[in-house]
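What's in work29.csv: CSV, C-alpha atoms
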chain,number,residue,atom,x,y,z
A,1386,MET,CA,-7.2,1.4,3.5
A,1387,ALA,CA,-6.4,-1.8,1.6
A,1388,GLN,CA,-5.7,-4.8,3.8
A,1389,PRO,CA,-2.1,-5.9,3.8
A,1390,ILE,CA,-1.1,-9.4,2.5
A,1391,SER,CA,1.5,-11.2,4.5
A,1392,GLY,CA,5.0,-11.0,2.9
A,1393,LEU,CA,4.1,-8.3,0.4
A,1394,SER,CA,5.0,-4.6,0.3
A,1395,PRO,CA,1.8,-2.8,1.6
A,1396,LEU,CA,-0.4,-0.9,-0.7
A,1397,ILE,CA,-1.1,2.3,1.3
A,1398,GLY,CA,-3.9,4.7,0.7
A,1399,GLN,CA,-7.4,5.7,1.5
A,1400,SER,CA,-8.3,8.2,-1.3
A,1401,PRO,CA,-11.4,7.3,-3.4
A,1402,ALA,CA,-9.3,6.7,-6.5
A,1403,PHE,CA,-7.0,4.3,-4.7
A,1404,LEU,CA,-9.8,2.4,-3.0
A,1405,GLU,CA,-11.7,2.1,-6.3
A,1406,VAL,CA,-8.8,0.3,-8.0
A,1407,MET,CA,-8.2,-1.9,-4.9
A,1408,GLU,CA,-11.8,-2.9,-5.0
A,1409,GLN,CA,-11.6,-3.8,-8.7
A,1410,ALA,CA,-8.4,-5.8,-8.1
A,1411,SER,CA,-10.0,-7.7,-5.2
A,1412,ALA,CA,-13.1,-8.5,-7.3
A,1413,VAL,CA,-11.2,-9.9,-10.4
A,1414,ALA,CA,-8.4,-11.6,-8.5
A,1415,PRO,CA,-10.3,-15.0,-7.9
A,1416,LEU,CA,-11.3,-15.2,-11.6
A,1417,ASP,CA,-8.8,-17.2,-13.7
A,1418,ARG,CA,-8.7,-14.6,-16.5
A,1419,PRO,CA,-6.0,-12.3,-17.9
A,1420,VAL,CA,-5.8,-8.8,-16.5
A,1421,LEU,CA,-4.2,-5.6,-17.8
A,1422,VAL,CA,-2.8,-3.1,-15.3
A,1423,ILE,CA,-2.3,0.4,-16.8
A,1424,GLY,CA,-0.5,3.2,-15.1
A,1425,GLU,CA,2.3,5.7,-15.1
A,1426,ARG,CA,5.8,4.7,-13.9
A,1427,GLY,CA,6.1,4.4,-10.2
A,1428,THR,CA,2.4,3.9,-9.5
A,1429,GLY,CA,2.7,0.4,-8.1
A,1430,LYS,CA,1.6,-1.8,-11.0
A,1431,GLU,CA,3.6,-4.8,-9.9
A,1432,LEU,CA,2.2,-4.5,-6.4
A,1433,ILE,CA,-1.3,-4.7,-7.9
A,1434,ALA,CA,-0.2,-7.8,-9.9
A,1435,GLN,CA,1.0,-9.4,-6.7
A,1436,ARG,CA,-2.3,-8.6,-5.0
A,1437,LEU,CA,-4.1,-10.3,-7.9
A,1438,HIS,CA,-2.0,-13.4,-7.6
A,1439,TYR,CA,-2.2,-13.8,-3.8
A,1440,LEU,CA,-5.9,-13.2,-3.7
A,1441,SER,CA,-6.4,-15.9,-6.3
A,1442,GLY,CA,-6.6,-19.7,-6.1
A,1443,ARG,CA,-3.1,-19.8,-7.4
A,1444,TRP,CA,-1.6,-18.0,-4.4
A,1445,ALA,CA,0.4,-21.1,-3.3
A,1446,ARG,CA,1.9,-21.6,-6.7
A,1447,PRO,CA,4.8,-19.5,-8.3
A,1448,MET,CA,4.4,-15.9,-9.3
A,1449,VAL,CA,7.0,-15.2,-12.0
A,1450,ALA,CA,7.7,-11.7,-13.4
A,1451,LEU,CA,9.5,-10.4,-16.5
A,1452,ASN,CA,10.1,-6.8,-17.5
A,1453,CYS,CA,9.9,-6.9,-21.3
A,1454,ALA,CA,11.6,-3.5,-21.6
A,1455,ALA,CA,14.7,-4.8,-19.7
A,1456,LEU,CA,15.8,-7.3,-22.4
A,1457,ALA,CA,16.8,-7.0,-26.0
A,1458,GLU,CA,14.2,-8.1,-28.5
A,1459,THR,CA,16.3,-11.2,-29.5
A,1460,LEU,CA,16.3,-12.4,-25.9
A,1461,ILE,CA,12.7,-12.0,-24.9
A,1462,GLU,CA,11.5,-15.1,-26.8
A,1463,THR,CA,14.0,-17.4,-25.2
A,1464,GLU,CA,13.4,-15.8,-21.8
A,1465,LEU,CA,9.7,-16.4,-22.0
A,1466,PHE,CA,9.6,-19.8,-23.8
A,1467,GLY,CA,13.0,-21.3,-23.2
A,1468,HIS,CA,15.2,-23.0,-25.7
A,1469,GLU,CA,16.8,-26.4,-26.5
A,1470,ALA,CA,20.5,-27.1,-26.4
A,1471,GLY,CA,22.1,-26.2,-29.7
A,1472,ALA,CA,19.1,-23.9,-30.7
A,1473,PHE,CA,21.6,-21.1,-31.4
A,1474,THR,CA,25.3,-20.3,-30.8
A,1475,GLY,CA,26.0,-20.3,-27.1
A,1476,ALA,CA,22.9,-22.5,-26.2
A,1477,VAL,CA,24.9,-25.3,-24.6
A,1478,ARG,CA,22.0,-26.6,-22.5
A,1479,ARG,CA,18.3,-26.6,-22.4
A,1480,ARG,CA,16.8,-23.5,-20.7
A,1481,VAL,CA,13.4,-23.4,-19.1
A,1482,GLY,CA,11.4,-20.3,-19.8
A,1483,ARG,CA,9.3,-18.1,-17.6
A,1484,PHE,CA,6.0,-19.7,-18.8
A,1485,GLU,CA,7.2,-23.1,-17.7
A,1486,ARG,CA,8.5,-21.7,-14.4
A,1487,ALA,CA,5.1,-20.2,-13.7
A,1488,ASP,CA,3.2,-23.4,-14.5
A,1489,GLY,CA,0.2,-23.5,-12.2
A,1490,GLY,CA,0.7,-20.0,-11.0
A,1491,THR,CA,0.9,-16.5,-12.5
A,1492,LEU,CA,3.2,-14.8,-15.0
A,1493,PHE,CA,3.4,-11.0,-14.7
A,1494,LEU,CA,4.7,-9.3,-17.9
A,1495,ASP,CA,5.6,-5.7,-17.2
A,1496,GLU,CA,6.0,-3.2,-20.1
A,1497,ILE,CA,4.3,-5.7,-22.4
A,1498,ALA,CA,4.2,-3.1,-25.2
A,1499,SER,CA,8.0,-3.6,-25.6
A,1500,ALA,CA,7.5,-7.2,-26.7
A,1501,PRO,CA,8.2,-7.8,-30.4
A,1502,LEU,CA,5.1,-8.6,-32.6
A,1503,ALA,CA,6.4,-12.2,-33.2
A,1504,VAL,CA,6.6,-12.8,-29.5
A,1505,GLN,CA,3.2,-11.2,-28.9
A,1506,GLU,CA,1.8,-13.9,-31.3
A,1507,LYS,CA,3.3,-16.7,-29.3
A,1508,ILE,CA,2.0,-15.1,-26.0
A,1509,LEU,CA,-1.5,-15.0,-27.6
A,1510,ARG,CA,-1.2,-18.8,-28.3
A,1511,VAL,CA,-0.3,-19.5,-24.7
A,1512,VAL,CA,-3.2,-17.4,-23.4
A,1513,GLU,CA,-5.7,-19.0,-25.9
A,1514,TYR,CA,-4.6,-22.7,-25.9
A,1515,GLY,CA,-2.1,-23.0,-23.1
A,1516,GLU,CA,0.7,-24.3,-25.4
A,1517,PHE,CA,4.0,-23.1,-26.9
A,1518,GLU,CA,7.3,-24.4,-28.3
A,1519,ARG,CA,10.7,-23.8,-26.9
A,1520,VAL,CA,13.1,-22.1,-29.3
A,1521,GLY,CA,14.8,-24.8,-31.4
A,1522,ALA,CA,12.2,-27.5,-30.4
A,1523,GLY,CA,9.5,-29.2,-32.5
A,1524,ALA,CA,7.5,-30.6,-29.5
A,1525,VAL,CA,4.6,-28.6,-28.1
A,1526,GLN,CA,4.8,-27.8,-24.4
A,1527,ARG,CA,1.7,-27.2,-22.3
A,1528,CYS,CA,1.3,-25.0,-19.3
A,1529,ASP,CA,-1.4,-23.6,-17.1
A,1530,VAL,CA,-0.6,-19.9,-16.4
A,1531,ARG,CA,-2.6,-16.9,-15.6
A,1532,LEU,CA,-1.2,-13.9,-17.4
A,1533,ILE,CA,-1.2,-10.4,-15.9
A,1534,ALA,CA,0.3,-7.7,-18.1
A,1535,ALA,CA,1.2,-4.1,-17.4
A,1536,ALA,CA,1.9,-1.1,-19.5
A,1537,ASN,CA,2.5,2.7,-19.1
A,1538,VAL,CA,1.5,3.5,-22.7
A,1539,ASP,CA,-1.8,3.7,-24.6
A,1540,LEU,CA,-2.1,0.2,-25.9
A,1541,PRO,CA,-5.2,0.8,-28.1
A,1542,ALA,CA,-3.2,3.6,-29.8
A,1543,ALA,CA,-0.2,1.3,-30.1
A,1544,ALA,CA,-2.4,-1.4,-31.7
A,1545,ALA,CA,-3.9,1.2,-34.1
A,1546,ALA,CA,-0.4,2.2,-35.1
A,1547,GLY,CA,0.6,-1.5,-35.8
A,1548,ARG,CA,2.9,-1.8,-32.8
A,1549,PHE,CA,0.7,-4.1,-30.8
A,1550,ARG,CA,-1.5,-7.0,-31.9
A,1551,HIS,CA,-5.2,-6.2,-31.7
A,1552,ASP,CA,-6.0,-9.8,-31.0
A,1553,LEU,CA,-3.7,-10.0,-28.1
A,1554,LEU,CA,-5.0,-6.8,-26.7
A,1555,ASP,CA,-8.6,-8.1,-27.0
A,1556,ARG,CA,-7.6,-11.3,-25.2
A,1557,LEU,CA,-5.7,-9.6,-22.4
A,1558,ALA,CA,-8.4,-7.0,-21.7
A,1559,PHE,CA,-10.8,-9.2,-19.8
A,1560,GLU,CA,-10.4,-6.6,-17.1
A,1561,VAL,CA,-8.3,-3.4,-17.3
A,1562,LEU,CA,-7.2,-1.8,-14.0
A,1563,HIS,CA,-6.2,1.9,-14.2
A,1564,VAL,CA,-3.8,2.7,-11.4
A,1565,PRO,CA,-4.2,6.3,-10.4
A,1566,PRO,CA,-1.2,8.6,-10.5
A,1567,LEU,CA,-0.2,10.2,-7.2
A,1568,ARG,CA,-1.5,13.6,-8.3
A,1569,ALA,CA,-5.0,12.0,-8.5
A,1570,ARG,CA,-4.7,10.8,-4.9
A,1571,ALA,CA,-2.9,13.7,-3.2
A,1572,GLY,CA,-4.7,13.0,0.1
A,1573,ASP,CA,-2.6,9.8,0.3
A,1574,ILE,CA,0.7,11.7,0.3
A,1575,PRO,CA,0.8,12.2,4.1
A,1576,LEU,CA,0.1,8.5,4.7
A,1577,LEU,CA,2.8,7.4,2.3
A,1578,ALA,CA,5.3,9.9,3.4
A,1579,ASP,CA,4.9,8.9,7.0
A,1580,HIS,CA,5.2,5.2,6.2
A,1581,PHE,CA,8.4,5.7,4.2
A,1582,ALA,CA,9.9,8.2,6.7
A,1583,ARG,CA,9.3,5.9,9.7
A,1584,ALA,CA,10.9,2.9,7.9
A,1585,MET,CA,13.9,5.1,7.0
A,1586,ALA,CA,14.2,6.5,10.6
A,1587,SER,CA,14.1,2.9,11.9
A,1588,ASP,CA,16.9,1.9,9.5
A,1589,LEU,CA,19.0,4.8,10.8
A,1590,GLY,CA,18.4,3.9,14.4
A,1591,TRP,CA,16.4,6.9,15.3
A,1592,PRO,CA,14.4,6.7,18.5
A,1593,GLY,CA,11.3,7.6,16.5
A,1594,PHE,CA,10.2,9.8,13.6
A,1595,PRO,CA,9.5,13.4,14.7
A,1596,GLY,CA,7.4,14.2,11.6
A,1597,PHE,CA,7.8,16.8,8.9
A,1598,SER,CA,7.7,20.6,9.4
A,1599,ALA,CA,5.0,22.7,7.9
A,1600,GLY,CA,7.2,23.8,5.0
A,1601,ALA,CA,8.4,20.3,4.2
A,1602,GLY,CA,4.9,19.0,4.3
A,1603,ALA,CA,3.7,21.7,2.0
A,1604,ALA,CA,6.5,20.9,-0.5
A,1605,LEU,CA,5.5,17.3,-0.5
A,1606,LEU,CA,1.8,18.2,-1.2
A,1607,ALA,CA,2.7,20.8,-3.9
A,1608,HIS,CA,5.1,18.7,-6.0
A,1609,PRO,CA,3.5,17.1,-9.1
A,1610,TRP,CA,5.3,13.7,-8.6
A,1611,PRO,CA,6.0,12.7,-12.2
A,1612,GLY,CA,7.6,9.6,-10.7
A,1613,ASN,CA,4.6,8.9,-8.5
A,1614,VAL,CA,5.0,6.7,-5.4
A,1615,ARG,CA,8.5,5.5,-6.3
A,1616,GLU,CA,9.7,9.1,-6.5
A,1617,LEU,CA,7.9,10.1,-3.3
A,1618,LYS,CA,9.7,7.2,-1.5
A,1619,ASN,CA,13.1,8.3,-2.7
A,1620,VAL,CA,12.5,12.0,-1.7
A,1621,VAL,CA,11.2,11.1,1.7
A,1622,GLU,CA,14.0,8.6,2.5
A,1623,ARG,CA,16.6,11.1,1.2
A,1624,ALA,CA,15.1,13.9,3.4
A,1625,VAL,CA,15.3,11.7,6.5
A,1626,PHE,CA,18.8,10.4,5.7
A,1627,ARG,CA,20.2,14.0,5.3
A,1628,TRP,CA,18.5,15.3,8.4
A,1629,ARG,CA,20.9,15.5,11.3
A,1630,GLN,CA,18.4,16.3,14.1
A,1631,PRO,CA,16.4,13.2,14.7
A,1632,ARG,CA,14.4,14.8,17.5
A,1633,ARG,CA,13.2,17.7,15.5
A,1634,PRO,CA,10.7,17.7,12.6
A,1635,VAL,CA,12.4,17.2,9.2
A,1636,ALA,CA,12.4,20.7,7.7
A,1637,ALA,CA,14.4,20.2,4.4
A,1638,VAL,CA,13.2,18.4,1.3
A,1639,VAL,CA,15.4,18.1,-1.8
A,1640,LEU,CA,13.1,17.3,-4.7
A,1641,ASP,CA,15.8,17.4,-7.4
A,1642,PRO,CA,19.0,15.7,-6.3
A,1643,PHE,CA,20.6,16.4,-9.7
A,1644,ALA,CA,20.6,20.2,-9.3
A,1645,SER,CA,24.2,21.1,-9.0
A,1646,PRO,CA,25.2,23.4,-6.2
A,1647,TYR,CA,27.8,24.9,-8.6
A,1648,ALA,CA,25.3,25.8,-11.3
A,1649,SER,CA,22.2,26.7,-9.3
A,1650,ALA,CA,21.0,26.0,-5.9
A,1651,PRO,CA,19.0,22.7,-5.4
A,1652,THR,CA,15.3,22.9,-5.0
A,1653,ARG,CA,15.4,22.9,-1.2
A,1654,ILE,CA,12.5,23.7,1.0
A,1655,GLN,CA,13.4,25.2,4.4
A,1656,ALA,CA,10.5,25.7,6.8
A,1657,GLU,CA,12.5,27.7,9.3
A,1658,PRO,CA,12.6,31.5,8.7
A,1659,SER,CA,15.3,33.5,10.4
A,1660,ARG,CA,13.0,35.2,12.9
A,1661,ALA,CA,9.6,34.6,14.4
A,1662,PRO,CA,7.4,36.6,16.7
A,1663,ALA,CA,8.2,35.9,20.3
A,1664,THR,CA,4.6,35.1,21.1
A,1665,MET,CA,4.1,32.5,18.4
A,1666,ARG,CA,5.1,28.9,18.4
A,1667,PRO,CA,8.4,28.0,16.6
A,1668,PRO,CA,8.0,28.1,12.8
A,1669,ASP,CA,9.4,24.6,12.5
A,1670,ALA,CA,6.6,23.1,14.6
A,1671,ALA,CA,4.5,20.7,12.6
A,1672,ILE,CA,0.8,20.7,12.1
A,1673,ASP,CA,-1.2,17.9,13.7
A,1674,LEU,CA,-3.7,16.5,11.2
A,1675,PRO,CA,-5.7,13.3,11.6
A,1676,LEU,CA,-5.1,10.6,9.0
A,1677,SER,CA,-8.7,9.2,9.2
A,1678,GLY,CA,-12.0,10.7,8.2
A,1679,ASP,CA,-12.6,13.2,5.4
A,1680,LEU,CA,-9.3,13.6,3.5
A,1681,ASP,CA,-10.4,16.6,1.6
A,1682,SER,CA,-11.2,18.4,4.8
A,1683,ALA,CA,-7.9,17.3,6.3
A,1684,VAL,CA,-6.0,18.8,3.3
A,1685,ARG,CA,-7.9,22.0,3.5
A,1686,ALA,CA,-7.2,22.3,7.2
A,1687,PHE,CA,-3.5,21.7,6.6
A,1688,GLU,CA,-3.4,24.4,4.0
A,1689,ALA,CA,-5.2,26.9,6.2
A,1690,GLU,CA,-2.9,26.2,9.1
A,1691,LEU,CA,0.2,26.5,6.9
A,1692,LEU,CA,-1.1,29.9,5.7
A,1693,ARG,CA,-1.6,31.0,9.3
A,1694,GLN,CA,1.9,29.9,10.3
A,1695,ALA,CA,3.4,31.7,7.2
A,1696,LEU,CA,1.7,34.9,8.1
A,1697,ALA,CA,2.8,34.7,11.7
A,1698,ALA,CA,6.4,33.9,10.8
A,1699,ALA,CA,6.4,36.9,8.4
A,1700,ARG,CA,4.9,39.2,11.0
A,1701,TYR,CA,1.8,39.4,8.8
A,1702,ASN,CA,3.6,40.8,5.8
A,1703,GLN,CA,1.7,39.0,3.1
A,1704,ARG,CA,4.4,39.4,0.4
A,1705,ALA,CA,7.0,37.9,2.7
A,1706,ALA,CA,4.6,35.1,3.8
A,1707,ALA,CA,3.8,34.3,0.1
A,1708,ALA,CA,7.5,34.0,-0.7
A,1709,SER,CA,8.1,31.7,2.3
A,1710,VAL,CA,5.7,29.1,0.9
A,1711,GLY,CA,6.7,29.5,-2.7
A,1712,LEU,CA,3.6,31.3,-3.9
A,1713,ALA,CA,3.2,34.5,-5.9
A,1714,TYR,CA,1.6,37.4,-3.9
A,1715,HIS,CA,-1.7,37.2,-5.7
A,1716,GLN,CA,-1.8,33.4,-5.4
A,1717,PHE,CA,-1.2,33.7,-1.7
A,1718,ARG,CA,-4.0,36.3,-1.5
A,1719,ASN,CA,-6.4,34.0,-3.3
A,1720,ARG,CA,-5.6,31.2,-0.8
A,1721,LEU,CA,-6.2,33.5,2.1
A,1722,LYS,CA,-9.6,34.4,0.6
A,1723,LYS,CA,-10.4,30.8,0.0
A,1724,HIS,CA,-9.9,30.0,3.7
A,1725,GLY,CA,-11.4,33.3,5.0
A,1726,LEU,CA,-8.1,34.5,6.4
A,1727,ILE,CA,-7.9,37.9,4.8
A,1728,ALA,CA,-9.4,39.7,7.8
A,1729,GLY,CA,-7.2,37.6,10.2
A,1730,ALA,CA,-4.1,39.1,8.7
A,1731,ALA,CA,-4.5,42.3,10.7
A,1732,SER,CA,-4.1,40.5,14.0
A,1733,PRO,CA,-2.4,37.2,15.0
A,1734,PRO,CA,-4.9,34.3,14.6
A,1735,ALA,CA,-5.0,31.7,17.3
A,1736,LEU,CA,-2.8,28.7,16.6
A,1737,ASN,CA,-3.0,25.2,17.9
A,1738,GLY,CA,-0.4,24.8,20.6
A,1739,GLY,CA,1.0,22.2,23.0
A,1740,ALA,CA,2.5,18.8,22.3
A,1741,GLU,CA,-0.2,18.0,19.7
A,1742,ALA,CA,1.4,20.6,17.3
A,1743,GLU,CA,4.6,18.7,17.0
A,1744,ARG,CA,3.7,16.7,13.8
A,1745,VAL,CA,2.5,17.4,10.3
A,1746,PHE,CA,1.9,13.8,9.4
A,1747,PRO,CA,0.9,11.8,12.5
A,1748,PRO,CA,0.9,8.0,12.6
A,1749,ALA,CA,-2.0,6.3,11.1
A,1750,SER,CA,-4.7,5.4,13.6
For the structure just supplied, provide its representation as structure tokens.
Amino acid sequence: MAQPISGLSPLIGQSPAFLEVMEQASAVAPLDRPVLVIGERGTGKELIAQRLHYLSGRWARPMVALNCAALAETLIETELFGHEAGAFTGAVRRRVGRFERADGGTLFLDEIASAPLAVQEKILRVVEYGEFERVGAGAVQRCDVRLIAAANVDLPAAAAAGRFRHDLLDRLAFEVLHVPPLRARAGDIPLLADHFARAMASDLGWPGFPGFSAGAGAALLAHPWPGNVRELKNVVERAVFRWRQPRRPVAAVVLDPFASPYASAPTRIQAEPSRAPATMRPPDAAIDLPLSGDLDSAVRAFEAELLRQALAAARYNQRAAAASVGLAYHQFRNRLKKHGLIAGAASPPALNGGAEAERVFPPAS
């Protein structure tokens, strides 16, 4: 797992894809060169930029950020380079831009593809020569800034289409870090969910976090997460907030909060069937999986145990068990074959019992 940096939101994960980009970031951080961070929305590009800054020799100097997509094109230039009093209507006093504020430190430009071509040209001049002019000024200003830029679009394709300057792209691409989407690091979902859930439980004053039930855990693992870690955080925090039984595993996860109850039922995952065999443990009991070691093996073990619980809760009716975990009958059968559980459907398989079975996502060791 990536080592935390004091004062920063932690970067959490131990999947190979996550550790690879962390290693790349740590290696390039000390070099005083531009870096491009590429990734989908919600993957943590700004956290990567912060890591690059605080592991560099500029860590004690300012880190200034600007989201280029959050401003109108007419405002980006003055926001970056500042302006003199009287430069345009409403400019009653001199304004210091982000480059000046970041002097000696790092400037992080998120969504850099949204910057107008004219502004891109001025950014290139700062990167190349360390100089710029405020809007409405004739004097050249100098600054010492390391530039880190981020994008969630294909910048080479944008350059080929004339929407991004080739020369700026060449200059920024000293190193390009590709932040993996959550679907490429599914083994990190238990770690992240546990982290976000514990923080939310603490905010709510719970005595502790009781974990997620098997069904809720399966829903988190099965979702494609188009919004990545940011979406996962919202889903987990919402699930904990809406749960009214702080001593029982969270068994309901709403993945789409915009689904109207008056049009169609929300996508709600309930892990508690109406009845369960008297000899089996309660269906809302969670699965105890280690968060260290071989992640692929842990995920396989989780899936196998979930299948066993679904079969037990459905009294070994495979169609009912398949429906309870949101799979088609043939999909469920294929999963059973994958884990060698077909023969076990004829008689109840042994399940882990005792206090260790009370959690799907245990705390990280």
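In this structure, CA of Gly1427 (chain A) sits 16.5 Å away from CA of Met1407 (chain A).
Among the candidates A:Val1614, A:Val1561, A:Leu1451, A:Val1625, the one nearest to Leu1576 (chain A) when counting all atoms listed in the file is A:Val1614.
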Which residues are close to Gln1399 (chain A), i.e. within 7 Å by only C-alpha atoms, leaving aside same-chain residues fewer than 2 positions away? Reply as a PyMOL selection string.
chain A and resi 1386+1401+1403-1404+1573
As a ChimeraX atom specification, please: the residues near Ala1586 (chain A) (cut-off 12 Å, all atoms listed in the file, same-chain neighbours under 2 positions excluded).
/A:1578-1584,1588-1596,1621-1632,1634-1635
Please indicate the distance in Å from CA of His1715 (chain A) to CA of Ala1569 (chain A), rounded to one decimal place.
25.6 Å
List the neighbours of Arg1568 (chain A) out to 10 Å using only C-alpha atoms; skip same-chain residues closer than 3 positions along the sequence, and give me the result as a short mmCIF file (atom, residue, chain, number, x, y, z; two decimals) with C-alpha atoms, keeping the file's coordinate frame.
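This is the output file out-v2.cif:
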data_model
loop_
_atom_site.label_atom_id
_atom_site.label_comp_id
_atom_site.auth_asym_id
_atom_site.auth_seq_id
_atom_site.Cartn_x
_atom_site.Cartn_y
_atom_site.Cartn_z
CA PRO A 1565 -4.20 6.30 -10.40
CA ALA A 1571 -2.90 13.70 -3.20
CA GLY A 1572 -4.70 13.00 0.10
CA ASP A 1573 -2.60 9.80 0.30
CA ILE A 1574 0.70 11.70 0.30
CA LEU A 1606 1.80 18.20 -1.20
CA ALA A 1607 2.70 20.80 -3.90
CA HIS A 1608 5.10 18.70 -6.00
CA PRO A 1609 3.50 17.10 -9.10
CA TRP A 1610 5.30 13.70 -8.60
CA PRO A 1611 6.00 12.70 -12.20
CA ASN A 1613 4.60 8.90 -8.50
CA VAL A 1614 5.00 6.70 -5.40
#
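Checking A:Glu1516, A:Ala1599, A:Arg1704, A:Met1585 one by one against Val1620 (chain A), counting all atoms listed in the file, you find the shortest gap at A:Met1585.
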